[in-house]
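Asks: Below you will find the structure I want to go over with you.
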Amino acid sequence: MSAVDRLLRSGPAGAEAVVDAYRDRALPLVEQLAGKGFRDQWAALAGLGVLRLDPPETETGPEPGAAADAAPGPVTRSLAMIEGIGLAGVDPGVVYAMASQVFGMEYPLRAALPAEAWRAVARIQDGGELLCHALTERKGGSDPLSMDTVARRDGDGYVLDGAKTFITAAPVADLALVFARTGEGRSPFSLSAFLFPVATPGVTRADAFAKTALPGVPMGELVFDGVRLPAGGLVGGEGSGLALLTSTTTWERALLLGYALGPMRRTLRRLTDWATERGHFGRRMGASHQVASRISDMALVLHRSRTLLYGMAARLDAGTPPRRLSAEAALTKISVSEDYVRLTEHATALSGVRAFIADSELPADLHSPMAALTYAGPNDLLRIGVAREFGLPVEN
């Protein structure tokens with residue numbers, strides 16, 4: 001274990017064992033999956049159990065390397081698995097997509113769906129089917145009550161018309177969680193959520209966008225033209241869409257950035273090793289106070305990010321309702337995403353031109369950390385929401 005990893009083992013003891021276990025399980029796959037398509041990578045990593053919500057103690061005994069009395073809660077375990085595969089070097093786009101499904105869809109849906117309905121879609125945990133979250137529209141996504149997608153009652157079911165865009169995994173997803181208007185105006189009960197196969201007649205997928213951030217996971221659009229949905233496709237009651245959306249976004253803001261922990265740790269370790277060995281003006285580069293300061297700042301932001309994320313996981317494991325964590329989840333997302341950018345900026349400054357050479361030993365991906373400022377809600381808008389929860393009369 002490197003000195004960096006020893007210093008940063010700030011999570012619960014059981015969680016650290018899970019991080020180590022899934023790093024070691026994913027390491028052999030990294031080389032095997034190089035150049036493979038997104039679904040191939042998804043299936044291989046799902047085969048490790050990364051998408052499963054229930055701790056393995058209920059199936060095959062304790063987590064490898066973890067004492068039975070130190071086993072983490074299921075949410076903490078999910079976060080540790082995500083960190084572990086990221087630490088192994090799995091494509092960050094794939095890790096991001098897995099974190100998005102686990103935290104932004106699986107946990108909220110399991111809480112919202114009746115047991116029988118959850119069992120019908122629980123196969124997504126095995127990776128055979130992939131779920132996407134369809135909320136954003138071309139005219140905007142941060143104001144869900146302005147959406148144009150409409151689901152009209154038709155007999156015992158609904159007819160869905162509209163379009164959603166910027167949807168992670170939409171070009172390859174099997175199931176879609178779609179939010180649509182079922183009522184008029186800006187009432188909090190005017191939205192509903194529907195879960196149905198993307199192959200349903202009337203659904204069209206647009207081609208995947210060419211992305212500069214997290215290119216390893218496809219993103220696209222879904223268009224709905226007279227899509228007939230059975231009443232059973234409704235998640236919760238009609239008009240409960242905003243409540244479900246609040247849950248999915250709180251879960252995402254609380255833990256989605258767990259996908260960044262592995263890349264952050266890898267970057268810090270790589271820069272530390274390089275600065276320790278590289279000669280620079282007649283001495284090792286790491287002997288410079290300026291270099292040492294940047295390395296320490298990188299360690300600081302990573303330590304802070306891990307502490308915040310595992311703290312949120314512990315709160316959710318303790319049974320804290322997501323609705324009570326909305327402000328803390330937003331603050332966590334803001335802090336971790338901005339620290340991800342900060343760490344990458346330090347790494348780029350230390351790497352020099354090597355940061356911009358793809359096959360160098362110190363390449364830097366600047367687009368993906370910057371994009372994290374937007375995922376699960378732009379940070380500027382999240383700050384407004386936090387201020388509003390403090391009682392300030394601020395508007396969007």
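Every chain in the structure tokens takes a letter, A first, then B, and so on in the order presented; its residues are numbered from 1, and the ligands are numbered from 1 following the presented order.
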Need to verify the contact set: segment 196-211 of chain A, 6 Å, only C-alpha atoms, exclusion of same-chain residues closer than 2 positions in sequence. Can you return it as a list in words?
Replies: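 Close residues of segment 196-211 of chain A: Pro171, Asp174, Leu175, Ala176, Ala213, Pro215, Pro218, Met219, Gly220, Glu221, Leu222, Val223, Phe224, Asp225, Gly226, Val227 and Gly233 of chain A.
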Asks: Give me every helix (DSSP H, G or I) residue in segment 25-221 of chain A, going by DSSP on the backbone, as JSON, numbers by chain.
Replies: {"A": [25, 26, 27, 28, 29, 30, 31, 32, 33, 38, 39, 40, 41, 42, 43, 44, 45, 46, 56, 57, 58, 68, 69, 70, 74, 75, 76, 77, 78, 79, 80, 81, 82, 83, 84, 85, 86, 87, 88, 92, 93, 94, 95, 96, 97, 98, 99, 100, 101, 102, 103, 104, 105, 106, 107, 108, 109, 110, 111, 112, 115, 116, 117, 118, 119, 120, 121, 122, 123, 124, 125, 126, 144, 145, 146]}
Asks: I'd like to know which residues of segment 102-306 of chain A are strand (DSSP E or B) (by DSSP, run on the backbone); could you write them as number ranges by chain?
Replies: A: 131-134, 137, 140, 150-154, 157-168, 175-181, 191-197, 203-205, 219-229, 234-235, 279-280, 283-284
Asks: Excluding segment 294-307 of chain A and residues on its chain fewer than 5 positions from it, collect all residues at most 8 Å away from it, counting only C-alpha atoms, and give them as a compact mmCIF listing (two decimals) with C-alpha atoms, in the first residue's frame.
Replies:
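As a result, out-v5.txt now contains:
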```txt
# COMPACT_ATOMS: atom_id res chain seq x y z
CA LEU A 8 -6.23 8.74 3.13
CA SER A 10 -10.40 7.98 6.43
CA GLY A 11 -13.52 5.93 5.79
CA LEU A 261 -12.78 9.39 -5.61
CA MET A 264 -8.64 11.62 -7.55
CA ARG A 265 -6.67 9.09 -5.52
CA LEU A 268 -2.56 12.18 -6.25
CA LEU A 271 1.91 12.98 -8.91
CA THR A 272 3.39 12.14 -5.51
CA SER A 335 -17.86 20.80 -2.35
CA VAL A 336 -16.71 17.52 -3.89
CA ASP A 339 -12.54 19.99 -5.03
CA TYR A 340 -12.29 17.60 -7.98
CA ARG A 342 -9.15 22.03 -7.70
CA LEU A 343 -7.20 18.78 -7.44
CA HIS A 346 -2.97 21.36 -9.02
CA LEU A 350 2.69 20.17 -11.46
```
Asks: Using Å and a single decimal, report how far atom CA of Arg138 of chain A sits from atom CA of Val394 of chain A.
Replies: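 Calculated distance between atom CA of Val394 of chain A and atom CA of Arg138 of chain A is 25.4 Å.
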Asks: Let me make sure I understand: among A:Ala13, A:Ala120, A:Ala275, A:Ala260, which one has the smallest atom-to-atom distance to Tyr96 of chain A if we use only C-alpha atoms?
Replies: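 Under the stated criterion, the closest residue is A:Ala260.
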Asks: When you look at Gly155 of chain A with a cut-off of 12 Å (counting only C-alpha atoms), what residues show up, excluding the ones that are within fewer than 5 positions of it in the same chain? I need them as a PyMOL selection string.
Replies: chain A and resi 228-231
Asks: Please save C-alpha atoms of the selected residues as a PDB file, in the first residue's frame.
Replies:
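The new file part29.pdb reads:
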```
ATOM      1  CA  ARG A 228     -49.035   4.042 -24.855  1.00  0.00           C
ATOM      2  CA  LEU A 229     -48.227   3.135 -21.267  1.00  0.00           C
ATOM      3  CA  PRO A 230     -50.191   0.856 -18.949  1.00  0.00           C
ATOM      4  CA  ALA A 231     -51.282   2.157 -15.568  1.00  0.00           C
TER       5      ALA A 231
END
```
Asks: Would you mind telling me which residue in A:Pro55, A:Gly73, A:Gly141, A:Gly35 lies nearest to Gly319 of chain A when using only C-alpha atoms?
Replies: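 Counting only C-alpha atoms, the residue closest to Gly319 of chain A is A:Gly73.
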Asks: Have a look at atom CA of Ala117 of chain A and atom CA of Ser192 of chain A and let me know their distance in Å, one decimal.
Replies: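 Interatomic distance here is 16.7 Å.
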Asks: Extract, using only C-alpha atoms, all DNA, RNA and protein residues at most 10 Å from Ser368 of chain A, discarding same-chain residues fewer than 2 positions from it, and format them as a list in words.
Replies: Pro92, Gly93, Lys211, Thr212, Ala213, Leu214, Pro215, Ala260, Tyr340, Val341, Thr344, Ala364, Asp365, Leu366, Met370, Ala371, Ala372 and Leu373 of chain A
Asks: Quick one: residues within 7 Å of Ser247 of chain A, only C-alpha atoms, excluding same-chain residues fewer than 5 positions away - as a ChimeraX atom specification?
Replies: /A:108,322-323
Asks: Do you have the atom CA of Gly128 of chain A-atom CA of Thr248 of chain A distance handy?
Replies: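 Interatomic distance here is 22.0 Å.
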Asks: Do a neighbour search on segment 15-26 of chain A at 10 Å with only C-alpha atoms, toss out local chain neighbours closer than 2 positions, and write the hits as a PyMOL selection string.
Replies: chain A and resi 9-13+28-31+44-45+48-50+63-67+70-73+76-90+262+310
Asks: With only C-alpha atoms as the basis for distance, which of A:Lys333, A:Arg253, A:His133, A:Arg186 is at the shortest distance from Ala169 of chain A?
Replies: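 Of all the options, A:His133 lies closest to Ala169 of chain A.
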Asks: Taking only C-alpha atoms into account, name the residue in A:Met312, A:Leu53, A:Val291, A:Leu381 that is nearest to Arg324 of chain A.
Replies: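 Counting only C-alpha atoms, the residue closest to Arg324 of chain A is A:Met312.
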Asks: Between A:Gly14, A:Gly352, A:Gly162, A:Gly258, which is the closest to Leu309 of chain A once you count only C-alpha atoms?
Replies: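 Once distances to Leu309 of chain A are computed over only C-alpha atoms, the minimum belongs to A:Gly258.
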